[in-house]
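The file work.pdb comes next; it holds PDB, C-alpha atoms, pLDDT in the B column.
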```pdb
ATOM      1  CA  ARG A  26     -55.774 -57.901   0.226  1.00 93.00           C
ATOM      2  CA  VAL A  27     -54.918 -55.251  -2.340  1.00 96.00           C
ATOM      3  CA  LEU A  28     -55.706 -55.447  -6.049  1.00 97.00           C
ATOM      4  CA  CYS A  29     -53.173 -53.285  -7.883  1.00 97.00           C
ATOM      5  CA  VAL A  30     -54.312 -52.335 -11.372  1.00 97.00           C
ATOM      6  CA  GLU A  31     -51.093 -51.254 -13.061  1.00 96.00           C
ATOM      7  CA  ASP A  32     -49.828 -52.043 -16.559  1.00 94.00           C
ATOM      8  CA  ASN A  33     -46.278 -50.736 -16.103  1.00 94.00           C
ATOM      9  CA  PRO A  34     -43.858 -53.412 -14.790  1.00 95.00           C
ATOM     10  CA  TYR A  35     -41.803 -50.808 -12.926  1.00 93.00           C
ATOM     11  CA  GLY A  36     -44.940 -49.385 -11.316  1.00 91.00           C
ATOM     12  CA  ARG A  37     -45.915 -52.895 -10.232  1.00 94.00           C
ATOM     13  CA  VAL A  38     -42.557 -53.408  -8.555  1.00 94.00           C
ATOM     14  CA  VAL A  39     -42.678 -50.080  -6.724  1.00 91.00           C
ATOM     15  CA  LEU A  40     -46.289 -50.375  -5.559  1.00 93.00           C
ATOM     16  CA  GLY A  41     -45.917 -54.070  -4.745  1.00 95.00           C
ATOM     17  CA  THR A  42     -42.849 -53.448  -2.616  1.00 95.00           C
ATOM     18  CA  VAL A  43     -44.498 -50.671  -0.630  1.00 93.00           C
ATOM     19  CA  VAL A  44     -47.779 -52.559  -0.158  1.00 94.00           C
ATOM     20  CA  ARG A  45     -45.966 -55.691   1.062  1.00 95.00           C
ATOM     21  CA  GLU A  46     -43.763 -53.647   3.409  1.00 94.00           C
ATOM     22  CA  LEU A  47     -46.959 -52.235   4.893  1.00 91.00           C
ATOM     23  CA  GLY A  48     -48.079 -55.788   5.665  1.00 92.00           C
ATOM     24  CA  HIS A  49     -50.711 -56.260   2.974  1.00 93.00           C
ATOM     25  CA  SER A  50     -50.972 -58.983   0.357  1.00 95.00           C
ATOM     26  CA  ILE A  51     -51.169 -57.839  -3.249  1.00 97.00           C
ATOM     27  CA  SER A  52     -52.229 -59.181  -6.618  1.00 97.00           C
ATOM     28  CA  PHE A  53     -52.038 -57.476  -9.984  1.00 97.00           C
ATOM     29  CA  ALA A  54     -54.172 -56.775 -13.020  1.00 96.00           C
ATOM     30  CA  GLY A  55     -52.715 -55.042 -16.060  1.00 93.00           C
ATOM     31  CA  ARG A  56     -55.920 -54.171 -17.905  1.00 94.00           C
ATOM     32  CA  SER A  57     -59.205 -52.608 -16.892  1.00 93.00           C
ATOM     33  CA  GLU A  58     -61.268 -55.579 -18.094  1.00 94.00           C
ATOM     34  CA  ILE A  59     -59.364 -57.917 -15.787  1.00 94.00           C
ATOM     35  CA  ALA A  60     -59.660 -55.434 -12.924  1.00 95.00           C
ATOM     36  CA  VAL A  61     -63.450 -55.311 -13.186  1.00 96.00           C
ATOM     37  CA  GLU A  62     -63.721 -59.112 -13.444  1.00 96.00           C
ATOM     38  CA  THR A  63     -61.436 -59.528 -10.431  1.00 96.00           C
ATOM     39  CA  ALA A  64     -63.285 -56.927  -8.362  1.00 96.00           C
ATOM     40  CA  ALA A  65     -66.571 -58.688  -9.119  1.00 97.00           C
ATOM     41  CA  ARG A  66     -65.273 -61.804  -7.344  1.00 95.00           C
ATOM     42  CA  ASN A  67     -65.027 -59.760  -4.127  1.00 92.00           C
ATOM     43  CA  GLU A  68     -61.639 -61.242  -3.143  1.00 92.00           C
ATOM     44  CA  HIS A  69     -59.916 -57.959  -2.237  1.00 94.00           C
ATOM     45  CA  ASP A  70     -60.296 -55.241   0.376  1.00 92.00           C
ATOM     46  CA  VAL A  71     -59.063 -52.305  -1.690  1.00 95.00           C
ATOM     47  CA  VAL A  72     -58.130 -51.447  -5.286  1.00 97.00           C
ATOM     48  CA  LEU A  73     -55.162 -49.317  -6.379  1.00 97.00           C
ATOM     49  CA  MET A  74     -56.350 -48.103  -9.783  1.00 97.00           C
ATOM     50  CA  ASP A  75     -53.895 -46.670 -12.314  1.00 96.00           C
ATOM     51  CA  VAL A  76     -55.772 -44.064 -14.338  1.00 95.00           C
ATOM     52  CA  ALA A  77     -53.873 -44.665 -17.602  1.00 91.00           C
ATOM     53  CA  LEU A  78     -54.536 -48.246 -18.704  1.00 90.00           C
ATOM     54  CA  PRO A  79     -54.495 -50.000 -22.076  1.00 84.00           C
ATOM     55  CA  GLY A  80     -57.524 -51.796 -23.427  1.00 80.00           C
ATOM     56  CA  ASP A  81     -61.117 -50.830 -23.977  1.00 82.00           C
ATOM     57  CA  ALA A  82     -61.279 -48.658 -20.857  1.00 91.00           C
ATOM     58  CA  ASP A  83     -58.909 -46.538 -18.811  1.00 95.00           C
ATOM     59  CA  GLY A  84     -58.829 -46.514 -15.014  1.00 96.00           C
ATOM     60  CA  VAL A  85     -61.595 -43.932 -14.776  1.00 97.00           C
ATOM     61  CA  GLU A  86     -63.941 -46.108 -16.831  1.00 97.00           C
ATOM     62  CA  ALA A  87     -62.870 -49.219 -14.904  1.00 97.00           C
ATOM     63  CA  THR A  88     -63.764 -47.396 -11.682  1.00 97.00           C
ATOM     64  CA  ARG A  89     -67.220 -46.585 -13.082  1.00 98.00           C
ATOM     65  CA  ARG A  90     -67.709 -50.238 -14.022  1.00 97.00           C
ATOM     66  CA  ILE A  91     -66.648 -51.445 -10.571  1.00 98.00           C
ATOM     67  CA  ARG A  92     -69.000 -48.955  -8.930  1.00 97.00           C
ATOM     68  CA  ALA A  93     -71.824 -50.391 -11.070  1.00 98.00           C
ATOM     69  CA  LEU A  94     -71.235 -53.916  -9.703  1.00 97.00           C
ATOM     70  CA  PRO A  95     -73.929 -55.191  -7.336  1.00 96.00           C
ATOM     71  CA  GLY A  96     -73.393 -55.680  -3.621  1.00 94.00           C
ATOM     72  CA  PRO A  97     -70.113 -55.302  -1.740  1.00 92.00           C
ATOM     73  CA  ALA A  98     -68.009 -55.560  -4.914  1.00 95.00           C
ATOM     74  CA  GLY A  99     -69.393 -52.217  -6.080  1.00 95.00           C
ATOM     75  CA  ARG A 100     -68.498 -50.566  -2.786  1.00 93.00           C
ATOM     76  CA  ILE A 101     -64.853 -51.690  -2.553  1.00 95.00           C
ATOM     77  CA  PRO A 102     -62.544 -48.791  -1.660  1.00 95.00           C
ATOM     78  CA  ILE A 103     -60.680 -47.573  -4.736  1.00 96.00           C
ATOM     79  CA  ILE A 104     -57.535 -45.447  -4.638  1.00 97.00           C
ATOM     80  CA  GLY A 105     -56.833 -43.735  -7.948  1.00 96.00           C
ATOM     81  CA  VAL A 106     -53.179 -43.393  -8.979  1.00 96.00           C
ATOM     82  CA  SER A 107     -51.854 -41.219 -11.798  1.00 95.00           C
ATOM     83  CA  GLY A 108     -48.761 -39.410 -12.936  1.00 92.00           C
ATOM     84  CA  ARG A 109     -50.968 -36.403 -13.675  1.00 93.00           C
ATOM     85  CA  GLY A 110     -52.639 -34.451 -10.900  1.00 93.00           C
ATOM     86  CA  GLU A 111     -55.217 -33.166 -13.369  1.00 96.00           C
ATOM     87  CA  ASP A 112     -56.713 -36.694 -13.482  1.00 96.00           C
ATOM     88  CA  GLU A 113     -58.035 -36.342  -9.943  1.00 96.00           C
ATOM     89  CA  ALA A 114     -61.332 -34.616 -10.785  1.00 97.00           C
ATOM     90  CA  ALA A 115     -62.387 -37.252 -13.330  1.00 97.00           C
ATOM     91  CA  SER A 116     -61.265 -40.037 -10.996  1.00 96.00           C
ATOM     92  CA  ARG A 117     -63.255 -38.633  -8.082  1.00 95.00           C
ATOM     93  CA  ALA A 118     -66.306 -38.166 -10.310  1.00 97.00           C
ATOM     94  CA  ALA A 119     -66.027 -41.844 -11.314  1.00 97.00           C
ATOM     95  CA  GLY A 120     -66.030 -42.897  -7.665  1.00 95.00           C
ATOM     96  CA  VAL A 121     -62.492 -43.235  -6.295  1.00 94.00           C
ATOM     97  CA  ASP A 122     -62.233 -42.784  -2.532  1.00 91.00           C
ATOM     98  CA  ALA A 123     -58.724 -41.322  -2.604  1.00 93.00           C
ATOM     99  CA  PHE A 124     -56.268 -40.136  -5.229  1.00 95.00           C
ATOM    100  CA  LEU A 125     -52.462 -40.298  -5.274  1.00 96.00           C
ATOM    101  CA  VAL A 126     -50.010 -38.719  -7.722  1.00 95.00           C
ATOM    102  CA  LYS A 127     -47.034 -40.747  -8.963  1.00 91.00           C
ATOM    103  CA  PRO A 128     -44.411 -41.170  -7.831  1.00 91.00           C
ATOM    104  CA  VAL A 129     -46.396 -42.397  -4.846  1.00 91.00           C
ATOM    105  CA  SER A 130     -44.676 -41.879  -1.535  1.00 92.00           C
ATOM    106  CA  PRO A 131     -44.818 -44.783   0.908  1.00 93.00           C
ATOM    107  CA  ARG A 132     -46.330 -42.485   3.527  1.00 94.00           C
ATOM    108  CA  ALA A 133     -49.128 -41.284   1.228  1.00 95.00           C
ATOM    109  CA  LEU A 134     -49.900 -44.852   0.174  1.00 94.00           C
ATOM    110  CA  ALA A 135     -49.876 -46.067   3.780  1.00 93.00           C
ATOM    111  CA  THR A 136     -52.293 -43.296   4.767  1.00 94.00           C
ATOM    112  CA  ALA A 137     -54.624 -44.009   1.849  1.00 92.00           C
ATOM    113  CA  LEU A 138     -54.625 -47.762   2.545  1.00 89.00           C
ATOM    114  CA  LEU A 139     -55.249 -47.230   6.248  1.00 85.00           C
ATOM    115  CA  GLU A 140     -58.197 -44.937   5.565  1.00 83.00           C
ATOM    116  CA  ALA A 141     -59.594 -47.319   2.947  1.00 79.00           C
ATOM    117  CA  THR A 142     -59.341 -50.384   5.165  1.00 73.00           C
ATOM    118  CA  ARG A 143     -60.864 -48.516   8.115  1.00 77.00           C
ATOM    119  CA  ARG A 144     -63.830 -47.456   5.973  1.00 71.00           C
ATOM    120  CA  ALA A 145     -64.248 -50.993   4.659  1.00 69.00           C
ATOM    121  CA  ALA A 146     -64.150 -52.450   8.177  1.00 73.00           C
ATOM    122  CA  ALA A 147     -66.666 -49.888   9.428  1.00 76.00           C
ATOM    123  CA  ALA A 148     -69.041 -50.735   6.579  1.00 71.00           C
ATOM    124  CA  THR A 149     -69.194 -54.435   7.501  1.00 64.00           C
TER     125      THR A 149
END
```
What does the file become when written as structure tokens?
Amino acid sequence: RVLCVEDNPYGRVVLGTVVRELGHSISFAGRSEIAVETAARNEHDVVLMDVALPGDADGVEATRRIRALPGPAGRIPIIGVSGRGEDEAASRAAGVDAFLVKPVSPRALATALLEATRRAAAAT
């Protein structure tokens, strides 16, 4: 169960297609506020977090807010995604577990999801 936080419709199509082809279910949030609220419900196994988001917080801030959630919701694996490689340091500092540069290759996404789901399974 993947929560994809992506505001760009094209990005949603691309990521959604790859995630589904890898055998995962996916739901979407287009704003950081919705992403944090959704993560708090603990309904997903991993978050794909776009770094550049509209609203009161970008993906880096949304990651910080998710990490501040109590219990398992605050420990959900988060994969940062950005069109700019220079966003990796800030994303890692905020708490992402992995970072991918757009355009995301299916292989890189598959590897990141596999590692994230393995870590999540090992933690339970």
| task | Please evaluate the PyMOL selection byres ((chain A and resi 109) around 12) against the structure above and give the resulting residues as a PyMOL selection string. | result | chain A and resi 75-77+105-108+110-116+124-129
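For the set A:Val72, A:Ile101, A:Ala64, A:Leu28, the residue with the smallest atom-to-atom gap to Ile51 in chain A is A:Leu28, counting only C-alpha atoms.
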| request: List the residues matched by the PyMOL selection byres ((chain A and resi 44) around 10) in the displayed structure as number ranges by chain, ordered by chain and then by residue number. | output: A: 26-27, 29, 38-43, 45-51, 131, 134-135, 138
| request: For CA of Pro34 in chain A and CA of Met74 in chain A, quote the distance in Å rounded to one decimal. | output: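 Pair CA of Pro34 in chain A / CA of Met74 in chain A returns 14.5 Å.
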| request: Select, from A:Ile59, A:Arg132, A:Ala54, A:Val30, the residue with the minimum atom-to-atom distance to Ile104 in chain A, counting only C-alpha atoms. | output: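 For Ile104 in chain A, the nearest of the given residues is A:Val30.
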| said: Under the PyMOL selection byres ((chain A and resi 58) around 10), which residues of this model are included? Write them out as an MDAnalysis selection string. | reply: chainID A and resid 54:57 59:63 78:84 86:87 90
| What is the distance, in Å and to one decimal place, between CA of Arg66 in chain A and CA of Ala98 in chain A? | 7.2 Å
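Note that CA of Arg144 in chain A and CA of Ala93 in chain A are 19.1 Å apart.
Counting all atoms listed in the file, Pro102 in chain A has the following residues at most 9 Å away, ignoring those fewer than 6 positions along the same chain: A:Asp70, A:Val71, A:Val72, A:Leu73, A:Val121, A:Asp122, A:Ala123, A:Ala141, A:Thr142, A:Arg144, A:Ala145.
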Could you write out the selected residues, including C-alpha atoms, as an mmCIF file, keeping the file's coordinate frame?
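Contents of the output file out22.cif:
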```
data_model
loop_
_atom_site.group_PDB
_atom_site.id
_atom_site.type_symbol
_atom_site.label_atom_id
_atom_site.label_comp_id
_atom_site.auth_asym_id
_atom_site.auth_seq_id
_atom_site.Cartn_x
_atom_site.Cartn_y
_atom_site.Cartn_z
ATOM 1 C CA ASP A 70 -60.296 -55.241 0.376
ATOM 2 C CA VAL A 71 -59.063 -52.305 -1.690
ATOM 3 C CA VAL A 72 -58.130 -51.447 -5.286
ATOM 4 C CA LEU A 73 -55.162 -49.317 -6.379
ATOM 5 C CA VAL A 121 -62.492 -43.235 -6.295
ATOM 6 C CA ASP A 122 -62.233 -42.784 -2.532
ATOM 7 C CA ALA A 123 -58.724 -41.322 -2.604
ATOM 8 C CA ALA A 141 -59.594 -47.319 2.947
ATOM 9 C CA THR A 142 -59.341 -50.384 5.165
ATOM 10 C CA ARG A 144 -63.830 -47.456 5.973
ATOM 11 C CA ALA A 145 -64.248 -50.993 4.659
#
```
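Between Arg117 in chain A and the residues A:Ala137, A:Leu94, A:Arg143, A:Thr88, the shortest atom-to-atom distance, using only C-alpha atoms, involves A:Thr88.
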| message | Here is a test: counting all atoms listed in the file, which residue of A:Ile103, A:Ala119, A:Ile91, A:Ala146 is nearest to Ala65 in chain A? | response | A:Ile91
| Shortest interatomic distance to Pro95 in chain A - which of A:Asn67, A:Arg37, A:Ser52, A:Ala118, counting only C-alpha atoms |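 Ranking A:Asn67, A:Arg37, A:Ser52, A:Ala118 by distance to Pro95 in chain A, first place goes to A:Asn67.
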Put the listed atoms of range 128-134 of chain A in a box along x, y and z with 3 Å added on every side and give me the centre and edge lengths in Å to one decimal, as lines of an AutoDock Vina configuration file.
```
center_x = -47.2
center_y = -43.0
center_z = -2.2
size_x = 11.5
size_y = 9.7
size_z = 17.4
```
